[in-house]
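Here is the file target_29.cif (mmCIF, C-alpha atoms and all ligand atoms).
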```
data_start
#
loop_
_atom_site.group_PDB
_atom_site.id
_atom_site.type_symbol
_atom_site.label_atom_id
_atom_site.label_comp_id
_atom_site.auth_asym_id
_atom_site.auth_seq_id
_atom_site.Cartn_x
_atom_site.Cartn_y
_atom_site.Cartn_z
ATOM 1 C CA MET A 1 43.275 102.914 53.218
ATOM 2 C CA LYS A 2 39.616 102.660 54.274
ATOM 3 C CA THR A 3 37.086 100.605 52.346
ATOM 4 C CA ILE A 4 33.405 101.257 51.664
ATOM 5 C CA PHE A 5 30.988 98.543 50.495
ATOM 6 C CA ILE A 6 28.037 100.034 48.568
ATOM 7 C CA THR A 7 24.755 98.482 47.400
ATOM 8 C CA GLY A 8 22.945 99.853 44.353
ATOM 9 C CA ALA A 9 26.106 101.454 42.966
ATOM 10 C CA SER A 10 25.120 101.162 39.280
ATOM 11 C CA THR A 11 23.673 104.658 39.098
ATOM 12 C CA GLY A 12 22.284 107.629 41.038
ATOM 13 C CA LEU A 13 23.382 108.213 44.629
ATOM 14 C CA GLY A 14 25.211 104.886 44.914
ATOM 15 C CA LYS A 15 27.397 105.639 41.907
ATOM 16 C CA ALA A 16 27.988 109.268 42.944
ATOM 17 C CA SER A 17 29.077 108.018 46.383
ATOM 18 C CA ALA A 18 31.395 105.419 44.851
ATOM 19 C CA LYS A 19 33.083 108.154 42.815
ATOM 20 C CA LEU A 20 33.297 110.596 45.728
ATOM 21 C CA PHE A 21 34.821 108.117 48.192
ATOM 22 C CA GLN A 22 37.248 106.891 45.497
ATOM 23 C CA SER A 23 38.324 110.469 44.787
ATOM 24 C CA ARG A 24 38.966 110.994 48.531
ATOM 25 C CA GLY A 25 41.372 108.056 48.693
ATOM 26 C CA TRP A 26 39.023 105.259 49.762
ATOM 27 C CA ASN A 27 38.973 101.747 48.414
ATOM 28 C CA VAL A 28 35.477 101.056 47.023
ATOM 29 C CA ILE A 29 33.584 97.794 46.645
ATOM 30 C CA ALA A 30 30.708 98.809 44.407
ATOM 31 C CA THR A 31 27.964 96.197 44.194
ATOM 32 C CA MET A 32 25.196 96.084 41.619
ATOM 33 C CA ARG A 33 22.710 93.695 40.067
ATOM 34 C CA ASN A 34 24.313 93.832 36.612
ATOM 35 C CA PRO A 35 28.063 94.493 36.832
ATOM 36 C CA GLU A 36 28.403 93.911 33.067
ATOM 37 C CA SER A 37 26.439 97.125 32.414
ATOM 38 C CA ASP A 38 29.030 99.294 34.208
ATOM 39 C CA THR A 39 31.104 101.437 31.881
ATOM 40 C CA GLU A 40 32.622 103.894 34.334
ATOM 41 C CA LEU A 41 33.428 102.609 37.816
ATOM 42 C CA ASN A 42 35.546 99.687 36.643
ATOM 43 C CA ALA A 43 37.935 102.128 34.989
ATOM 44 C CA LEU A 44 38.748 103.788 38.334
ATOM 45 C CA ASP A 45 41.661 102.776 40.569
ATOM 46 C CA ASN A 46 40.764 101.072 43.847
ATOM 47 C CA VAL A 47 37.226 100.217 42.734
ATOM 48 C CA THR A 48 36.095 96.588 42.667
ATOM 49 C CA ILE A 49 32.695 95.692 41.292
ATOM 50 C CA LEU A 50 30.830 92.694 42.688
ATOM 51 C CA PRO A 51 27.385 91.343 41.765
ATOM 52 C CA LEU A 52 24.617 91.821 44.303
ATOM 53 C CA ASP A 53 20.860 91.737 44.081
ATOM 54 C CA VAL A 54 19.801 92.594 47.638
ATOM 55 C CA THR A 55 16.663 90.448 47.305
ATOM 56 C CA ASN A 56 18.830 87.330 46.925
ATOM 57 C CA PRO A 57 19.864 86.069 50.399
ATOM 58 C CA GLU A 58 22.327 83.484 48.991
ATOM 59 C CA GLN A 59 24.045 86.106 46.878
ATOM 60 C CA ILE A 60 24.248 88.438 49.894
ATOM 61 C CA LYS A 61 26.168 85.739 51.774
ATOM 62 C CA SER A 62 28.515 84.919 48.896
ATOM 63 C CA THR A 63 29.183 88.553 47.945
ATOM 64 C CA VAL A 64 29.854 89.631 51.547
ATOM 65 C CA LYS A 65 32.227 86.666 51.930
ATOM 66 C CA LYS A 66 34.006 87.599 48.688
ATOM 67 C CA ALA A 67 34.251 91.262 49.725
ATOM 68 C CA LEU A 68 35.828 90.317 53.065
ATOM 69 C CA GLU A 69 38.342 88.092 51.271
ATOM 70 C CA ILE A 70 39.330 90.998 49.046
ATOM 71 C CA SER A 71 39.767 93.608 51.743
ATOM 72 C CA ASN A 72 39.051 94.887 55.248
ATOM 73 C CA ILE A 73 35.776 96.779 55.263
ATOM 74 C CA ASP A 74 35.158 99.910 57.319
ATOM 75 C CA LEU A 75 31.805 101.125 56.060
ATOM 76 C CA VAL A 76 28.725 99.452 54.607
ATOM 77 C CA PHE A 77 26.506 101.835 52.677
ATOM 78 C CA ASN A 78 23.012 100.355 52.259
ATOM 79 C CA ASN A 79 21.708 102.398 49.378
ATOM 80 C CA ALA A 80 19.815 100.133 46.943
ATOM 81 C CA GLY A 81 16.124 100.925 46.791
ATOM 82 C CA TYR A 82 13.236 102.006 44.606
ATOM 83 C CA GLY A 83 9.792 103.567 44.995
ATOM 84 C CA LEU A 84 6.336 102.032 44.903
ATOM 85 C CA ILE A 85 3.571 104.572 44.412
ATOM 86 C CA GLY A 86 -0.172 104.149 44.170
ATOM 87 C CA PRO A 87 -3.285 103.515 46.240
ATOM 88 C CA LEU A 88 -2.754 100.507 48.475
ATOM 89 C CA GLU A 89 -5.814 98.674 47.182
ATOM 90 C CA ALA A 90 -4.444 98.892 43.620
ATOM 91 C CA LEU A 91 -1.114 97.242 44.413
ATOM 92 C CA THR A 92 -0.572 93.533 43.829
ATOM 93 C CA ASP A 93 0.876 91.340 46.540
ATOM 94 C CA ASP A 94 3.948 90.811 44.319
ATOM 95 C CA GLN A 95 4.531 94.574 44.150
ATOM 96 C CA ILE A 96 4.256 94.915 47.929
ATOM 97 C CA VAL A 97 6.508 91.926 48.673
ATOM 98 C CA LYS A 98 9.150 93.072 46.200
ATOM 99 C CA GLN A 99 9.209 96.555 47.756
ATOM 100 C CA LEU A 100 9.651 95.164 51.264
ATOM 101 C CA ASN A 101 12.226 92.621 50.087
ATOM 102 C CA THR A 102 14.338 95.249 48.367
ATOM 103 C CA ASN A 103 14.124 98.358 50.534
ATOM 104 C CA LEU A 104 13.793 96.744 53.953
ATOM 105 C CA LEU A 105 14.824 93.092 54.044
ATOM 106 C CA GLY A 106 17.697 93.806 51.644
ATOM 107 C CA VAL A 107 19.153 96.290 54.130
ATOM 108 C CA ILE A 108 18.503 94.051 57.129
ATOM 109 C CA ARG A 109 20.124 91.018 55.491
ATOM 110 C CA VAL A 110 23.195 92.845 54.162
ATOM 111 C CA THR A 111 23.723 94.432 57.579
ATOM 112 C CA GLN A 112 23.266 91.157 59.437
ATOM 113 C CA ALA A 113 25.874 89.524 57.198
ATOM 114 C CA PHE A 114 28.493 92.099 58.235
ATOM 115 C CA ILE A 115 27.720 92.396 61.964
ATOM 116 C CA PRO A 116 29.898 89.522 63.297
ATOM 117 C CA TYR A 117 32.880 90.878 61.347
ATOM 118 C CA PHE A 118 32.449 94.429 62.707
ATOM 119 C CA ARG A 119 31.670 93.221 66.237
ATOM 120 C CA GLU A 120 34.818 91.096 66.362
ATOM 121 C CA LYS A 121 37.069 93.898 65.167
ATOM 122 C CA ARG A 122 35.165 96.362 67.396
ATOM 123 C CA SER A 123 34.849 98.973 64.674
ATOM 124 C CA GLY A 124 32.858 99.636 61.539
ATOM 125 C CA MET A 125 29.872 101.634 60.389
ATOM 126 C CA PHE A 126 26.555 101.092 58.649
ATOM 127 C CA ILE A 127 24.973 103.991 56.778
ATOM 128 C CA THR A 128 21.539 103.457 55.231
ATOM 129 C CA THR A 129 19.850 105.671 52.657
ATOM 130 C CA THR A 130 16.350 106.207 53.922
ATOM 131 C CA SER A 131 14.459 109.299 52.739
ATOM 132 C CA ILE A 132 12.722 112.376 54.070
ATOM 133 C CA GLY A 133 9.891 109.919 53.381
ATOM 134 C CA GLY A 134 11.193 107.987 56.391
ATOM 135 C CA LEU A 135 10.385 110.977 58.627
ATOM 136 C CA ILE A 136 7.279 112.445 56.992
ATOM 137 C CA ALA A 137 4.655 110.916 54.668
ATOM 138 C CA PHE A 138 3.157 111.782 51.295
ATOM 139 C CA PRO A 139 -0.149 110.331 50.101
ATOM 140 C CA LEU A 140 -0.099 107.243 47.849
ATOM 141 C CA GLY A 141 3.255 106.024 49.113
ATOM 142 C CA SER A 142 2.190 103.876 52.056
ATOM 143 C CA THR A 143 4.334 100.854 51.250
ATOM 144 C CA TYR A 144 7.414 102.886 50.318
ATOM 145 C CA HIS A 145 6.983 104.838 53.557
ATOM 146 C CA ALA A 146 6.540 101.572 55.453
ATOM 147 C CA THR A 147 10.051 100.589 54.320
ATOM 148 C CA LYS A 148 11.723 103.943 54.912
ATOM 149 C CA TRP A 149 10.088 104.629 58.312
ATOM 150 C CA ALA A 150 10.973 101.083 59.260
ATOM 151 C CA LEU A 151 14.622 101.720 58.384
ATOM 152 C CA GLU A 152 14.709 104.848 60.557
ATOM 153 C CA GLY A 153 13.358 102.987 63.604
ATOM 154 C CA TRP A 154 15.436 99.907 62.855
ATOM 155 C CA SER A 155 18.603 102.034 62.697
ATOM 156 C CA GLU A 156 17.757 103.853 65.923
ATOM 157 C CA SER A 157 17.360 100.538 67.740
ATOM 158 C CA LEU A 158 20.355 98.889 66.110
ATOM 159 C CA ALA A 159 22.594 101.814 67.061
ATOM 160 C CA PHE A 160 21.957 101.103 70.769
ATOM 161 C CA GLU A 161 22.796 97.457 70.185
ATOM 162 C CA LEU A 162 25.984 97.940 68.173
ATOM 163 C CA ASN A 163 27.464 101.158 69.610
ATOM 164 C CA THR A 164 28.535 99.152 72.649
ATOM 165 C CA PHE A 165 30.808 97.131 70.340
ATOM 166 C CA GLY A 166 32.306 100.231 68.727
ATOM 167 C CA VAL A 167 30.110 99.915 65.626
ATOM 168 C CA ASP A 168 28.239 102.981 64.328
ATOM 169 C CA VAL A 169 24.805 103.020 62.704
ATOM 170 C CA LYS A 170 23.623 106.082 60.782
ATOM 171 C CA THR A 171 20.911 107.090 58.329
ATOM 172 C CA VAL A 172 21.037 109.584 55.495
ATOM 173 C CA SER A 173 17.533 110.874 54.753
ATOM 174 C CA PRO A 174 17.537 112.751 51.437
ATOM 175 C CA GLY A 175 14.801 114.901 49.980
ATOM 176 C CA GLY A 176 14.462 114.801 46.204
ATOM 177 C CA ILE A 177 17.599 113.697 44.382
ATOM 178 C CA LYS A 178 18.100 114.538 40.725
ATOM 179 C CA THR A 179 18.650 110.933 39.695
ATOM 180 C CA ASP A 180 16.644 108.807 37.269
ATOM 181 C CA PHE A 181 14.687 107.454 40.282
ATOM 182 C CA ILE A 182 11.329 108.732 39.015
ATOM 183 C CA SER A 183 11.817 107.481 35.445
ATOM 184 C CA ARG A 184 13.630 104.195 36.212
ATOM 185 C CA SER A 185 12.984 103.268 39.842
ATOM 186 C CA LEU A 186 9.249 103.798 40.355
ATOM 187 C CA ASP A 187 6.779 100.951 40.339
ATOM 188 C CA MET A 188 3.159 102.082 40.246
ATOM 189 C CA GLY A 189 -0.392 101.029 40.811
ATOM 190 C CA THR A 190 -3.490 102.983 39.862
ATOM 191 C CA GLN A 191 -7.264 102.888 40.161
ATOM 192 C CA PRO A 192 -9.895 105.282 38.696
ATOM 193 C CA GLU A 193 -11.361 106.324 42.074
ATOM 194 C CA TYR A 194 -7.998 107.849 43.045
ATOM 195 C CA GLU A 195 -7.341 109.613 39.744
ATOM 196 C CA THR A 196 -7.689 113.169 41.050
ATOM 197 C CA MET A 197 -5.426 112.456 44.010
ATOM 198 C CA ILE A 198 -2.854 110.777 41.745
ATOM 199 C CA ASN A 199 -2.827 113.721 39.335
ATOM 200 C CA THR A 200 -2.469 116.277 42.151
ATOM 201 C CA MET A 201 0.261 114.173 43.682
ATOM 202 C CA PHE A 202 2.212 113.999 40.422
ATOM 203 C CA SER A 203 1.951 117.687 39.634
ATOM 204 C CA ASN A 204 3.053 118.520 43.201
ATOM 205 C CA THR A 205 5.930 116.049 42.964
ATOM 206 C CA GLU A 206 7.084 117.689 39.740
ATOM 207 C CA SER A 207 7.247 121.116 41.390
ATOM 208 C CA MET A 208 8.791 119.678 44.567
ATOM 209 C CA MET A 209 11.530 118.023 42.480
ATOM 210 C CA GLU A 210 12.568 121.516 41.378
ATOM 211 C CA GLY A 211 14.032 121.845 44.884
ATOM 212 C CA ALA A 212 15.818 118.497 44.592
ATOM 213 C CA SER A 213 19.563 118.082 45.113
ATOM 214 C CA GLU A 214 22.230 116.728 42.800
ATOM 215 C CA PRO A 215 23.340 113.228 43.822
ATOM 216 C CA GLU A 216 26.875 114.566 44.380
ATOM 217 C CA LEU A 217 25.552 116.855 47.139
ATOM 218 C CA ILE A 218 23.801 113.981 48.918
ATOM 219 C CA ALA A 219 26.959 111.882 48.498
ATOM 220 C CA GLU A 220 28.809 114.648 50.390
ATOM 221 C CA VAL A 221 26.412 114.122 53.299
ATOM 222 C CA VAL A 222 27.144 110.393 53.203
ATOM 223 C CA TYR A 223 30.848 111.267 53.303
ATOM 224 C CA GLU A 224 30.288 113.642 56.233
ATOM 225 C CA ALA A 225 28.387 110.935 58.134
ATOM 226 C CA ALA A 226 31.225 108.505 57.405
ATOM 227 C CA THR A 227 34.014 110.768 58.571
ATOM 228 C CA ASP A 228 32.763 113.336 61.123
ATOM 229 C CA GLU A 229 33.383 110.981 64.065
ATOM 230 C CA LYS A 230 30.119 112.104 65.676
ATOM 231 C CA LYS A 231 27.751 109.708 67.397
ATOM 232 C CA GLN A 232 24.902 111.294 65.435
ATOM 233 C CA LEU A 233 22.288 108.860 64.080
ATOM 234 C CA ARG A 234 20.351 110.862 61.513
ATOM 235 C CA TYR A 235 21.601 113.061 58.653
ATOM 236 C CA VAL A 236 18.759 114.816 56.851
ATOM 237 C CA ALA A 237 20.197 115.657 53.431
ATOM 238 C CA GLY A 238 19.315 118.426 50.995
ATOM 239 C CA ALA A 239 17.741 121.852 51.506
ATOM 240 C CA ASP A 240 14.210 120.602 50.721
ATOM 241 C CA ALA A 241 14.391 117.766 53.247
ATOM 242 C CA ASN A 242 15.878 119.995 55.930
ATOM 243 C CA ALA A 243 13.134 122.618 55.446
ATOM 244 C CA LEU A 244 10.390 119.970 55.756
ATOM 245 C CA TYR A 245 11.951 118.236 58.744
ATOM 246 C CA THR A 246 12.511 121.530 60.574
ATOM 247 C CA GLN A 247 8.865 122.435 59.934
ATOM 248 C CA ARG A 248 7.729 119.093 61.336
ATOM 249 C CA LEU A 249 9.829 119.499 64.477
ATOM 250 C CA GLU A 250 8.697 123.082 64.979
ATOM 251 C CA LEU A 251 4.974 122.478 64.405
ATOM 252 C CA GLY A 252 4.831 119.047 66.008
ATOM 253 C CA ALA A 253 3.884 115.892 64.106
ATOM 254 C CA GLU A 254 0.079 116.361 64.122
ATOM 255 C CA ALA A 255 -0.051 120.019 63.079
ATOM 256 C CA PHE A 256 2.599 119.400 60.427
ATOM 257 C CA ARG A 257 0.732 116.415 59.017
ATOM 258 C CA GLU A 258 -2.518 118.328 58.784
ATOM 259 C CA GLN A 259 -0.929 121.298 57.030
ATOM 260 C CA PHE A 260 1.283 119.214 54.744
ATOM 261 C CA GLY A 261 -1.589 116.990 53.576
ATOM 262 C CA LYS A 262 -3.748 119.942 52.470
ATOM 263 C CA GLN A 263 -1.636 120.559 49.385
ATOM 264 C CA PHE A 264 -2.383 117.089 48.012
ATOM 265 C CA ILE A 265 -5.978 116.335 48.971
HETATM 266 N N1 LIG B 1 15.753 110.048 43.933
HETATM 267 C C1 LIG B 1 15.107 110.531 44.981
HETATM 268 O O1 LIG B 1 14.396 111.549 44.861
HETATM 269 C C2 LIG B 1 15.260 109.878 46.337
HETATM 270 C C3 LIG B 1 14.799 110.570 47.453
HETATM 271 C C4 LIG B 1 14.942 110.010 48.717
HETATM 272 C C5 LIG B 1 15.552 108.772 48.857
HETATM 273 N N2 LIG B 1 15.992 108.099 47.754
HETATM 274 C C6 LIG B 1 16.634 106.796 47.963
HETATM 275 O O2 LIG B 1 17.963 106.862 47.470
HETATM 276 C C7 LIG B 1 18.407 105.543 47.116
HETATM 277 C C8 LIG B 1 19.074 105.599 45.754
HETATM 278 O O3 LIG B 1 18.128 106.024 44.806
HETATM 279 P P1 LIG B 1 18.542 106.936 43.563
HETATM 280 O O4 LIG B 1 17.811 108.201 43.662
HETATM 281 O O5 LIG B 1 20.015 106.950 43.399
HETATM 282 O O6 LIG B 1 17.823 106.126 42.376
HETATM 283 P P2 LIG B 1 18.407 105.320 41.146
HETATM 284 O O7 LIG B 1 19.347 106.176 40.394
HETATM 285 O O8 LIG B 1 17.215 104.784 40.441
HETATM 286 O O9 LIG B 1 19.232 104.131 41.843
HETATM 287 C C9 LIG B 1 18.626 103.063 42.509
HETATM 288 C C10 LIG B 1 19.682 101.996 42.708
HETATM 289 O O10 LIG B 1 19.108 100.901 43.458
HETATM 290 C C11 LIG B 1 19.433 99.714 42.775
HETATM 291 N N3 LIG B 1 18.540 98.599 43.061
HETATM 292 C C12 LIG B 1 17.188 98.544 42.932
HETATM 293 N N4 LIG B 1 16.761 97.301 43.266
HETATM 294 C C13 LIG B 1 17.865 96.584 43.615
HETATM 295 C C14 LIG B 1 18.099 95.252 44.050
HETATM 296 N N5 LIG B 1 17.096 94.380 44.191
HETATM 297 N N6 LIG B 1 19.363 94.861 44.333
HETATM 298 C C15 LIG B 1 20.397 95.727 44.204
HETATM 299 N N7 LIG B 1 20.253 96.990 43.765
HETATM 300 C C16 LIG B 1 18.996 97.406 43.479
HETATM 301 C C17 LIG B 1 19.430 100.096 41.307
HETATM 302 O O11 LIG B 1 20.095 99.103 40.584
HETATM 303 P P3 LIG B 1 19.759 98.710 39.048
HETATM 304 O O12 LIG B 1 20.649 99.568 38.205
HETATM 305 O O13 LIG B 1 20.104 97.266 38.961
HETATM 306 O O14 LIG B 1 18.294 98.994 38.823
HETATM 307 C C18 LIG B 1 20.179 101.410 41.397
HETATM 308 O O15 LIG B 1 21.554 101.184 41.505
HETATM 309 C C19 LIG B 1 17.170 104.645 47.213
HETATM 310 O O16 LIG B 1 17.214 103.913 48.424
HETATM 311 C C20 LIG B 1 16.014 105.633 47.232
HETATM 312 O O17 LIG B 1 14.869 105.114 47.914
HETATM 313 C C21 LIG B 1 15.871 108.627 46.502
#
```
Taking this structure as input, can you express it in the form of structure tokens?
Ligand SMILES: NC(=O)c1ccc[n+]([C@@H]2O[C@H](COP(=O)([O-])OP(=O)(O)OC[C@H]3O[C@@H](n4cnc5c(N)ncnc54)[C@H](OP(=O)(O)O)[C@@H]3O)[C@@H](O)[C@H]2O)c1
Amino acid sequence: MKTIFITGASTGLGKASAKLFQSRGWNVIATMRNPESDTELNALDNVTILPLDVTNPEQIKSTVKKALEISNIDLVFNNAGYGLIGPLEALTDDQIVKQLNTNLLGVIRVTQAFIPYFREKRSGMFITTTSIGGLIAFPLGSTYHATKWALEGWSESLAFELNTFGVDVKTVSPGGIKTDFISRSLDMGTQPEYETMINTMFSNTESMMEGASEPELIAEVVYEAATDEKKQLRYVAGADANALYTQRLELGAEAFREQFGKQFI
């Protein structure tokens, strides 16, 4: 039986993935900041819940150690993350540091903790949830994009480094997902001079989210990446994300950027 280790499994895509892999016969180690709040995953067979706040380096070490004592691990799914939206000058240093610590350093540290184990057994896989926002950019999301673009480049580099040891590195880059991300996982900053841009951005986001995918559909892409045995790095997930990414590739980065930006500014 194969085992997946998931971060941010309390809700949304992480939870949908935990349920999907469990239903397909996998053993699941579902990690979350507040295991006591789980009412669903702990009732499933072959699911173990462990505490993990990805901004806590000590807890990363102890939880990874515990997970490896419980079971062999085949796949690490770096999924925990949240959004930070607003004009850069309106964000506090704490907001910026927390975003980088969670979305970027959290992934880097969790991955680093598992590498020696995978390298020694000469197998294993890392899949990281990035975003279509790791391949294109929206206004007012500079710090969020900094983390998601960073994860795309980081994964591309790391794949070269680890493939030679039989370890795979992949990204899943979703478009909108119909989770509670916007209501529960968005930190914001605002400033009067940017009000018009912020309002346009939010009304556009609302209509763009109409094309968003159910988390179960994105979880299927994670499952495909985990099991298709391809050496592919990048899995753009959801019809909206695929349409945007295709447009970017077809038009080229500069022409796409110019056209895409017009709808917001
Ligand atoms: N929703 C979208 O439209 C969308 C689009 C593209 C990419 N994504 C990406 O998809 C991933 C999952 O998001 P989602 O849509 O499923 O949103 P979600 O339902 O809000 O889930 C976010 C998850 O991340 C966890 N998390 C946040 N900070 C954490 C920390 N410090 N340590 C551990 N876990 C932490 C949350 O845990 P708590 O329950 O403890 O808060 C929650 O489990 C994120 O990486 C996000 O950037 C989302």
Using all atoms listed in the file, the shortest atom-to-atom distance to A:Lys61 among A:Gly106, A:Gly252, A:Gly176, A:Pro35 belongs to A:Gly106
Give the residue list for ligand LIG 1 (chain B) at 8 Å, counting only C-alpha atoms and all ligand atoms, as an NGL selection string, sorted by chain and then by residue number.
:A and (7-15 or 31-34 or 52-56 or 78-83 or 101-103 or 106 or 129-133 or 148 or 173-185 or 209 or 212 or 215)
Please report, as AutoDock Vina command-line options, the centre and edge lengths in Å to one decimal of an axis-aligned box covering all listed atoms of stretch 54-64 of chain A with 8 Å per side.
```
--center_x 23.3 --center_y 88.0 --center_z 49.3 --size_x 29.2 --size_y 25.1 --size_z 20.9
```
Just say which residues the PyMOL selection byres (((chain A and resi 66) around 12) and not hetatm) picks in this file, as a compact mmCIF listing (two decimals) with C-alpha atoms, in the coordinates of the input.
```
# COMPACT_ATOMS: atom_id res chain seq x y z
CA PHE A 5 30.99 98.54 50.50
CA ILE A 29 33.58 97.79 46.64
CA THR A 31 27.96 96.20 44.19
CA THR A 48 36.10 96.59 42.67
CA ILE A 49 32.70 95.69 41.29
CA LEU A 50 30.83 92.69 42.69
CA PRO A 51 27.38 91.34 41.76
CA LEU A 52 24.62 91.82 44.30
CA GLN A 59 24.04 86.11 46.88
CA ILE A 60 24.25 88.44 49.89
CA LYS A 61 26.17 85.74 51.77
CA SER A 62 28.52 84.92 48.90
CA THR A 63 29.18 88.55 47.94
CA VAL A 64 29.85 89.63 51.55
CA LYS A 65 32.23 86.67 51.93
CA ALA A 67 34.25 91.26 49.72
CA LEU A 68 35.83 90.32 53.06
CA GLU A 69 38.34 88.09 51.27
CA ILE A 70 39.33 91.00 49.05
CA SER A 71 39.77 93.61 51.74
CA ASN A 72 39.05 94.89 55.25
CA ILE A 73 35.78 96.78 55.26
CA ALA A 113 25.87 89.52 57.20
CA PHE A 114 28.49 92.10 58.24
```
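Residues in contact with A:Arg122 at 10 Å, where all atoms listed in the file are counted and same-chain residues fewer than 6 positions away are skipped, are listed as Pro116, Leu162, Asn163, Thr164, Phe165, Gly166 and Val167 of chain A.
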Picked residues, the PyMOL selection byres (((chain A and resi 244) around 10) and not hetatm), as a short mmCIF file (atom, residue, chain, number, x, y, z; two decimals) with C-alpha atoms, keeping the file's coordinate frame:
```cif
data_model
loop_
_atom_site.label_atom_id
_atom_site.label_comp_id
_atom_site.auth_asym_id
_atom_site.auth_seq_id
_atom_site.Cartn_x
_atom_site.Cartn_y
_atom_site.Cartn_z
CA ILE A 132 12.72 112.38 54.07
CA LEU A 135 10.38 110.98 58.63
CA ILE A 136 7.28 112.44 56.99
CA GLY A 175 14.80 114.90 49.98
CA VAL A 236 18.76 114.82 56.85
CA ALA A 239 17.74 121.85 51.51
CA ASP A 240 14.21 120.60 50.72
CA ALA A 241 14.39 117.77 53.25
CA ASN A 242 15.88 120.00 55.93
CA ALA A 243 13.13 122.62 55.45
CA TYR A 245 11.95 118.24 58.74
CA THR A 246 12.51 121.53 60.57
CA GLN A 247 8.86 122.44 59.93
CA ARG A 248 7.73 119.09 61.34
CA LEU A 249 9.83 119.50 64.48
CA GLU A 250 8.70 123.08 64.98
CA PHE A 256 2.60 119.40 60.43
CA PHE A 260 1.28 119.21 54.74
#
```
Hits of the PyMOL selection byres (((chain A and resi 153-160) around 12) and not hetatm) in this structure, as a ChimeraX atom specification:
/A:78,104-105,107-108,111-112,115,124-130,134-135,146-152,161-173,231-234
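A straight line drawn from atom CA of A:Glu214 to atom CA of A:Phe138 is 21.5 Å long.
Picture a line from atom CA of A:Gly261 to atom CA of A:Met201; it runs 10.5 Å.
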Grab the atom CA of A:Pro87 to atom CA of A:Gln263 distance for me, in Å with one decimal place.
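Interatomic distance here is 17.4 Å.
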From the set A:Leu41, A:Thr3, A:Val97, A:Ile265, which residue has the shortest atom-to-atom contact distance to A:Ala16, counting all atoms listed in the file?
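Once distances to A:Ala16 are computed over all atoms listed in the file, the minimum belongs to A:Leu41.
If only C-alpha atoms are the atoms counted, then among A:Ala253, A:Glu224, A:Lys121, A:Glu58 the closest residue to A:Ala137 is A:Ala253.
Distance annotation: of A:Asn46, A:Thr92, A:Asn199, A:Ser207, the residue with the minimal separation from A:Thr143 is A:Thr92; atom set is all atoms listed in the file.
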Identify which of the residues A:Tyr117, A:Tyr223, A:Phe264, A:Tyr235 lies closest to A:Trp26, counting all atoms listed in the file when measuring atom-to-atom distances.
A:Tyr223
